[in-house]
file coords-v6.pdb (PDB, C-alpha atoms and all ligand atoms)
ATOM      1  CA  MET A   1       0.000   0.000   0.000  1.00  0.00           C
ATOM      2  CA  THR A   2       1.596   3.210  -1.155  1.00  0.00           C
ATOM      3  CA  PHE A   3       0.800   5.471   1.770  1.00  0.00           C
ATOM      4  CA  TRP A   4       3.009   3.307   3.928  1.00  0.00           C
ATOM      5  CA  CYS A   5       6.029   4.093   1.810  1.00  0.00           C
ATOM      6  CA  CYS A   6       7.848   6.068   4.468  1.00  0.00           C
ATOM      7  CA  LYS A   7       7.472   3.153   6.830  1.00  0.00           C
ATOM      8  CA  ALA A   8       8.906   0.629   4.409  1.00  0.00           C
ATOM      9  CA  LYS A   9      11.790   2.733   3.137  1.00  0.00           C
ATOM     10  CA  PRO A  10      12.880   5.049   5.926  1.00  0.00           C
ATOM     11  CA  ASN A  11      16.075   6.152   4.198  1.00  0.00           C
ATOM     12  CA  ALA A  12      14.873   6.671   0.679  1.00  0.00           C
ATOM     13  CA  ASP A  13      11.936   8.775   1.838  1.00  0.00           C
ATOM     14  CA  LYS A  14      13.594  11.221   4.139  1.00  0.00           C
ATOM     15  CA  SER A  15      12.855  14.318   2.114  1.00  0.00           C
ATOM     16  CA  ASP A  16       9.191  13.393   1.531  1.00  0.00           C
ATOM     17  CA  LYS A  17       8.731  12.749   5.162  1.00  0.00           C
ATOM     18  CA  ARG A  18      10.126  16.107   6.079  1.00  0.00           C
ATOM     19  CA  LYS A  19       7.833  17.862   3.609  1.00  0.00           C
ATOM     20  CA  SER A  20       4.729  16.160   4.906  1.00  0.00           C
ATOM     21  CA  SER A  21       5.593  16.927   8.489  1.00  0.00           C
ATOM     22  CA  VAL A  22       5.982  20.586   7.697  1.00  0.00           C
ATOM     23  CA  LYS A  23       2.579  20.941   6.133  1.00  0.00           C
ATOM     24  CA  SER A  24       0.475  18.699   8.324  1.00  0.00           C
ATOM     25  CA  ASN A  25       1.985  18.736  11.732  1.00  0.00           C
ATOM     26  CA  GLN A  26       1.363  22.055  13.359  1.00  0.00           C
ATOM     27  CA  ALA A  27      -1.675  20.723  15.208  1.00  0.00           C
ATOM     28  CA  CYS A  28       0.274  17.601  16.038  1.00  0.00           C
ATOM     29  CA  MET A  29       3.036  19.600  17.630  1.00  0.00           C
ATOM     30  CA  ALA A  30       0.488  21.087  20.010  1.00  0.00           C
ATOM     31  CA  GLU A  31      -0.624  17.577  20.866  1.00  0.00           C
ATOM     32  CA  ILE A  32       2.899  16.363  21.420  1.00  0.00           C
ATOM     33  CA  LYS A  33       3.396  19.413  23.644  1.00  0.00           C
ATOM     34  CA  ASP A  34       0.408  18.283  25.737  1.00  0.00           C
ATOM     35  CA  LEU A  35       1.994  14.864  25.948  1.00  0.00           C
ATOM     36  CA  PHE A  36       5.311  16.427  26.906  1.00  0.00           C
ATOM     37  CA  ASP A  37       3.596  18.342  29.714  1.00  0.00           C
ATOM     38  CA  LEU A  38       2.075  15.091  30.877  1.00  0.00           C
ATOM     39  CA  PHE A  39       5.500  13.451  31.052  1.00  0.00           C
ATOM     40  CA  ASP A  40       7.268  16.484  32.483  1.00  0.00           C
ATOM     41  CA  GLN A  41       5.702  16.039  35.880  1.00  0.00           C
ATOM     42  CA  ASP A  42       7.715  18.686  37.720  1.00  0.00           C
ATOM     43  CA  HIS A  43       7.310  21.096  34.761  1.00  0.00           C
ATOM     44  CA  ASN A  44      10.974  21.999  34.538  1.00  0.00           C
ATOM     45  CA  GLY A  45      11.049  21.707  30.744  1.00  0.00           C
ATOM     46  CA  VAL A  46      12.851  18.370  30.555  1.00  0.00           C
ATOM     47  CA  VAL A  47      11.744  14.764  30.845  1.00  0.00           C
ATOM     48  CA  THR A  48      13.860  12.418  32.933  1.00  0.00           C
ATOM     49  CA  LYS A  49      14.046   8.646  33.062  1.00  0.00           C
ATOM     50  CA  ASP A  50      11.943   8.562  36.227  1.00  0.00           C
ATOM     51  CA  GLU A  51       9.308  10.737  34.642  1.00  0.00           C
ATOM     52  CA  ILE A  52       9.144   8.396  31.654  1.00  0.00           C
ATOM     53  CA  LEU A  53       8.775   5.418  33.959  1.00  0.00           C
ATOM     54  CA  ARG A  54       6.078   7.054  36.061  1.00  0.00           C
ATOM     55  CA  THR A  55       4.090   8.286  33.075  1.00  0.00           C
ATOM     56  CA  PHE A  56       4.173   4.991  31.194  1.00  0.00           C
ATOM     57  CA  THR A  57       3.131   3.210  34.337  1.00  0.00           C
ATOM     58  CA  SER A  58       0.245   5.580  34.955  1.00  0.00           C
ATOM     59  CA  LEU A  59      -0.911   5.067  31.353  1.00  0.00           C
ATOM     60  CA  ARG A  60      -0.646   1.349  31.989  1.00  0.00           C
ATOM     61  CA  LEU A  61       1.862   0.959  29.167  1.00  0.00           C
ATOM     62  CA  PRO A  62       4.548  -1.672  29.596  1.00  0.00           C
ATOM     63  CA  ILE A  63       8.040  -0.312  30.249  1.00  0.00           C
ATOM     64  CA  THR A  64      11.132  -1.387  32.174  1.00  0.00           C
ATOM     65  CA  GLU A  65      13.813   0.770  33.723  1.00  0.00           C
ATOM     66  CA  GLN A  66      16.321  -0.469  31.145  1.00  0.00           C
ATOM     67  CA  HIS A  67      13.940   0.435  28.363  1.00  0.00           C
ATOM     68  CA  ALA A  68      13.434   3.961  29.740  1.00  0.00           C
ATOM     69  CA  GLU A  69      17.188   4.342  30.015  1.00  0.00           C
ATOM     70  CA  LYS A  70      17.624   3.189  26.452  1.00  0.00           C
ATOM     71  CA  LEU A  71      15.015   5.666  25.234  1.00  0.00           C
ATOM     72  CA  ILE A  72      16.801   8.546  26.937  1.00  0.00           C
ATOM     73  CA  LYS A  73      20.193   7.464  25.547  1.00  0.00           C
ATOM     74  CA  GLU A  74      18.815   7.083  22.055  1.00  0.00           C
ATOM     75  CA  PHE A  75      17.105  10.472  21.879  1.00  0.00           C
ATOM     76  CA  ASP A  76      19.235  12.633  24.158  1.00  0.00           C
ATOM     77  CA  ARG A  77      21.239  14.608  21.621  1.00  0.00           C
ATOM     78  CA  ASN A  78      22.974  17.076  23.914  1.00  0.00           C
ATOM     79  CA  GLY A  79      24.083  14.445  26.402  1.00  0.00           C
ATOM     80  CA  ASP A  80      22.447  15.769  29.591  1.00  0.00           C
ATOM     81  CA  ASP A  81      20.566  12.495  30.246  1.00  0.00           C
ATOM     82  CA  GLU A  82      17.249  14.296  29.977  1.00  0.00           C
ATOM     83  CA  LEU A  83      14.911  14.955  27.087  1.00  0.00           C
ATOM     84  CA  GLU A  84      14.185  18.506  26.007  1.00  0.00           C
ATOM     85  CA  PHE A  85      11.046  19.086  23.978  1.00  0.00           C
ATOM     86  CA  MET A  86      12.549  18.508  20.530  1.00  0.00           C
ATOM     87  CA  GLU A  87      14.299  15.363  21.723  1.00  0.00           C
ATOM     88  CA  PHE A  88      10.993  14.207  23.126  1.00  0.00           C
ATOM     89  CA  VAL A  89       9.276  14.858  19.778  1.00  0.00           C
ATOM     90  CA  SER A  90      11.678  12.447  18.071  1.00  0.00           C
ATOM     91  CA  LEU A  91      11.002   9.848  20.731  1.00  0.00           C
ATOM     92  CA  ILE A  92       7.215  10.070  20.329  1.00  0.00           C
ATOM     93  CA  ARG A  93       7.407   9.895  16.547  1.00  0.00           C
ATOM     94  CA  LYS A  94       9.612   6.831  16.766  1.00  0.00           C
ATOM     95  CA  TYR A  95       7.498   5.212  19.441  1.00  0.00           C
ATOM     96  CA  LEU A  96       4.292   5.630  17.495  1.00  0.00           C
ATOM     97  CA  SER A  97       5.610   4.492  14.150  1.00  0.00           C
ATOM     98  CA  ASP A  98       7.793   1.616  15.279  1.00  0.00           C
ATOM     99  CA  THR A  99       6.264  -1.811  14.746  1.00  0.00           C
ATOM    100  CA  ASP A 100       8.511  -3.322  17.393  1.00  0.00           C
ATOM    101  CA  TYR A 101       6.642  -1.491  20.097  1.00  0.00           C
ATOM    102  CA  PRO A 102       3.346  -2.909  21.267  1.00  0.00           C
ATOM    103  CA  THR A 103       0.398  -1.606  19.270  1.00  0.00           C
ATOM    104  CA  GLN A 104      -1.367  -1.124  22.579  1.00  0.00           C
ATOM    105  CA  GLY A 105       0.533   2.124  22.958  1.00  0.00           C
ATOM    106  CA  MET A 106      -0.514   3.199  19.510  1.00  0.00           C
ATOM    107  CA  PHE A 107      -4.097   2.282  20.217  1.00  0.00           C
ATOM    108  CA  LYS A 108      -4.212   4.531  23.258  1.00  0.00           C
ATOM    109  CA  TYR A 109      -2.693   7.348  21.274  1.00  0.00           C
ATOM    110  CA  PHE A 110      -5.020   6.893  18.307  1.00  0.00           C
ATOM    111  CA  ASP A 111      -8.076   6.669  20.543  1.00  0.00           C
ATOM    112  CA  ARG A 112      -8.163  10.392  21.157  1.00  0.00           C
ATOM    113  CA  ASP A 113     -11.403  10.593  23.105  1.00  0.00           C
ATOM    114  CA  GLY A 114     -10.537   7.470  25.082  1.00  0.00           C
ATOM    115  CA  ASP A 115     -13.804   5.637  24.387  1.00  0.00           C
ATOM    116  CA  GLY A 116     -12.023   2.374  23.571  1.00  0.00           C
ATOM    117  CA  TYR A 117     -12.659   2.666  19.838  1.00  0.00           C
ATOM    118  CA  ILE A 118     -10.902   4.333  16.949  1.00  0.00           C
ATOM    119  CA  THR A 119     -12.989   6.194  14.415  1.00  0.00           C
ATOM    120  CA  LEU A 120     -12.005   7.019  10.857  1.00  0.00           C
ATOM    121  CA  ASP A 121     -11.360  10.596  11.908  1.00  0.00           C
ATOM    122  CA  GLU A 122      -9.159   9.604  14.840  1.00  0.00           C
ATOM    123  CA  PHE A 123      -7.238   7.277  12.556  1.00  0.00           C
ATOM    124  CA  VAL A 124      -6.503   9.905   9.906  1.00  0.00           C
ATOM    125  CA  LYS A 125      -5.452  12.564  12.433  1.00  0.00           C
ATOM    126  CA  SER A 126      -3.192  10.214  14.334  1.00  0.00           C
ATOM    127  CA  MET A 127      -1.520   8.893  11.217  1.00  0.00           C
ATOM    128  CA  ARG A 128      -0.667  12.456  10.239  1.00  0.00           C
ATOM    129  CA  CYS A 129       0.771  13.098  13.658  1.00  0.00           C
ATOM    130  CA  VAL A 130       3.235  10.271  13.241  1.00  0.00           C
ATOM    131  CA  GLY A 131       4.294  11.704   9.881  1.00  0.00           C
ATOM    132  CA  VAL A 132       2.303   9.392   7.612  1.00  0.00           C
ATOM    133  CA  HIS A 133       0.074  11.417   5.343  1.00  0.00           C
ATOM    134  CA  ILE A 134      -3.119   9.633   4.446  1.00  0.00           C
ATOM    135  CA  SER A 135      -6.081  11.309   2.762  1.00  0.00           C
ATOM    136  CA  GLU A 136      -9.626  10.903   4.059  1.00  0.00           C
ATOM    137  CA  LYS A 137     -10.420   9.169   0.791  1.00  0.00           C
ATOM    138  CA  GLU A 138      -7.637   6.603   1.140  1.00  0.00           C
ATOM    139  CA  ALA A 139      -8.561   5.944   4.738  1.00  0.00           C
ATOM    140  CA  ALA A 140     -12.256   5.680   3.916  1.00  0.00           C
ATOM    141  CA  GLU A 141     -11.462   2.870   1.504  1.00  0.00           C
ATOM    142  CA  VAL A 142      -9.471   0.835   3.992  1.00  0.00           C
ATOM    143  CA  VAL A 143     -10.584   1.561   7.537  1.00  0.00           C
ATOM    144  CA  PRO A 144     -14.306   0.587   7.346  1.00  0.00           C
ATOM    145  CA  LYS A 145     -13.270  -2.962   6.443  1.00  0.00           C
ATOM    146  CA  TYR A 146     -11.945  -3.217   9.982  1.00  0.00           C
ATOM    147  CA  TYR A 147     -14.879  -1.708  11.849  1.00  0.00           C
ATOM    148  CA  THR A 148     -16.140  -3.746  14.743  1.00  0.00           C
ATOM    149  CA  PRO A 149     -19.341  -5.372  13.456  1.00  0.00           C
ATOM    150  CA  GLY A 150     -22.374  -3.185  14.050  1.00  0.00           C
ATOM    151  CA  THR A 151     -20.322  -0.023  14.667  1.00  0.00           C
ATOM    152  CA  ASP A 152     -18.506   2.591  12.627  1.00  0.00           C
ATOM    153  CA  LYS A 153     -15.258   2.304  14.577  1.00  0.00           C
ATOM    154  CA  MET A 154     -12.516  -0.175  15.455  1.00  0.00           C
ATOM    155  CA  ASP A 155     -11.867  -1.887  18.744  1.00  0.00           C
ATOM    156  CA  TYR A 156      -8.339  -2.920  19.767  1.00  0.00           C
ATOM    157  CA  ASN A 157      -8.375  -6.275  17.964  1.00  0.00           C
ATOM    158  CA  ASN A 158      -9.617  -4.833  14.717  1.00  0.00           C
ATOM    159  CA  PHE A 159      -7.174  -1.959  14.918  1.00  0.00           C
ATOM    160  CA  ASN A 160      -4.411  -4.490  15.398  1.00  0.00           C
ATOM    161  CA  LYS A 161      -5.481  -6.383  12.294  1.00  0.00           C
ATOM    162  CA  LEU A 162      -5.561  -3.200  10.269  1.00  0.00           C
ATOM    163  CA  MET A 163      -2.082  -2.135  11.429  1.00  0.00           C
ATOM    164  CA  LYS A 164      -0.659  -5.581  10.759  1.00  0.00           C
ATOM    165  CA  ASN A 165      -2.091  -5.623   7.262  1.00  0.00           C
ATOM    166  CA  LEU A 166      -0.894  -2.122   6.493  1.00  0.00           C
ATOM    167  CA  MET A 167       2.603  -2.851   7.691  1.00  0.00           C
ATOM    168  CA  LEU A 168       3.121  -5.968   5.630  1.00  0.00           C
TER     169      LEU A 168
HETATM  170 CA    CA A 201      10.825  17.218  34.409  1.00  0.00          CA
HETATM  171 CA    CA A 202      18.894  16.243  26.365  1.00  0.00          CA
HETATM  172 CA    CA A 203     -12.169   7.018  20.171  1.00  0.00          CA
END

call {"tool": "encode", "arguments": {"input": "coords-v6.pdb", "output": "structure tokens"}}
result
Amino acid sequence: MTFWCCKAKPNADKSDKRKSSVKSNQACMAEIKDLFDLFDQDHNGVVTKDEILRTFTSLRLPITEQHAEKLIKEFDRNGDDELEFMEFVSLIRKYLSDTDYPTQGMFKYFDRDGDGYITLDEFVKSMRCVGVHISEKEAAEVVPKYYTPGTDKMDYNNFNKLMKNLML
């Protein structure tokens, strides 16, 4: 499926990816800022390993201390062992678009109103926030196939199936 191109070929698509994030991601930046504020529990402008651990735990997302440490190491560009906002943005983008991470985390992020289901609208907006541009038309062709029977939205299992199929 073509709209997954930047997933399949991360290196070849760098310039495209950058373009799409410039035009579609202003709203997303505000959302990532909200997320940053959630993580930055003492509001000192940086996120520490402990803050990552506490926040993941309170969101009931699986994380270990080693994993939190690894995340900081990987995204801490200025070497202060903490994540400033822009470092945090890279982490969130990676987290949400990486198939190695549990899709449970993605599900919670995609389910913007927290009702346990993902609508077409939530899907399109969230995809754009992780740097994958998908038009309403493209999404409208694919997503309804995965609606939970009798609804116009996806539960976790159906969302999982959709993501697995898209990422093949
Ligand atoms: Ca902090
Ligand atoms: Ca840093
Ligand atoms: Ca929802």

call {"tool": "closest_residue", "arguments": {"input": "coords-v6.pdb", "among": "A:Lys161, A:Lys137, A:Lys49, A:Lys153", "to": "ligand CA 201 (chain A)", "atoms": "all atoms listed in the file"}}
result
A:Lys49

call {"tool": "resolve_selection", "arguments": {"input": "coords-v6.pdb", "expression": "the PyMOL selection byres (((not hetatm)) within 10 of (chain A and resi 203))", "output": "VMD selection string"}}
result
chain A and resid 107 to 123 153 to 155

call {"tool": "closest_residue", "arguments": {"input": "coords-v6.pdb", "among": "A:Met127, A:Ile72, A:Leu35, A:Val143", "to": "ligand CA 202 (chain A)", "atoms": "all atoms listed in the file"}}
result
A:Ile72

call {"tool": "closest_atom_pairs", "arguments": {"input": "coords-v6.pdb", "of": "chain A", "to": "ligand CA 202 (chain A)", "cutoff": "10 Å", "atoms": "all atoms listed in the file", "output": "tab-separated table"}}
result
residue	atom	partner	partner_atom	distance
A:Val46	CA	A:CA202	CA	7.7
A:Val47	CA	A:CA202	CA	8.6
A:Thr48	CA	A:CA202	CA	9.1
A:Ile72	CA	A:CA202	CA	8.0
A:Lys73	CA	A:CA202	CA	8.9
A:Phe75	CA	A:CA202	CA	7.5
A:Asp76	CA	A:CA202	CA	4.2
A:Arg77	CA	A:CA202	CA	5.5
A:Asn78	CA	A:CA202	CA	4.8
A:Gly79	CA	A:CA202	CA	5.5
A:Asp80	CA	A:CA202	CA	4.8
A:Asp81	CA	A:CA202	CA	5.6
A:Glu82	CA	A:CA202	CA	4.4
A:Leu83	CA	A:CA202	CA	4.2
A:Glu84	CA	A:CA202	CA	5.2
A:Phe85	CA	A:CA202	CA	8.7
A:Met86	CA	A:CA202	CA	8.9
A:Glu87	CA	A:CA202	CA	6.6
A:Phe88	CA	A:CA202	CA	8.8

call {"tool": "atom_distance", "arguments": {"input": "coords-v6.pdb", "atom1": "CA of Met29 in chain A", "atom2": "CA of Ala139 in chain A"}}
result
22.1 Å

call {"tool": "resolve_selection", "arguments": {"input": "coords-v6.pdb", "expression": "the PyMOL selection byres (((chain A and resi 56) around 12) and not hetatm)", "output": "list in words"}}
result
Leu35, Leu38, Phe39, Asp40, Lys49, Asp50, Glu51, Ile52, Leu53, Arg54, Thr55, Thr57, Ser58, Leu59, Arg60, Leu61, Pro62, Ile63, Thr64, Glu65, His67, Ala68, Gln104, Gly105 and Lys108 of chain A

call {"tool": "resolve_selection", "arguments": {"input": "coords-v6.pdb", "expression": "the PyMOL selection byres (((chain A and resi 142) around 12) and not hetatm)", "output": "PyMOL selection string"}}
result
chain A and resi 1+3+120+123-124+134-141+143-147+154+159+161-163+165-166

call {"tool": "atom_distance", "arguments": {"input": "coords-v6.pdb", "atom1": "CA of Met106 in chain A", "atom2": "CA of Gly150 in chain A"}}
result
23.4 Å

call {"tool": "closest_residue", "arguments": {"input": "coords-v6.pdb", "among": "A:Cys28, A:Phe36, A:Asn157, A:Asn44", "to": "ligand CA 201 (chain A)", "atoms": "only C-alpha atoms and all ligand atoms"}}
result
A:Asn44

call {"tool": "closest_residue", "arguments": {"input": "coords-v6.pdb", "among": "A:Arg128, A:Lys33, A:Lys70, A:His43", "to": "ligand CA 201 (chain A)", "atoms": "all atoms listed in the file"}}
result
A:His43

call {"tool": "atom_distance", "arguments": {"input": "coords-v6.pdb", "atom1": "atom CA of ligand CA 201 (chain A)", "atom2": "CA of Val130 in chain A"}}
result
23.5 Å

call {"tool": "closest_residue", "arguments": {"input": "coords-v6.pdb", "among": "A:Gln66, A:Ile32, A:Asp42, A:Cys129", "to": "ligand CA 201 (chain A)", "atoms": "all atoms listed in the file"}}
result
A:Asp42
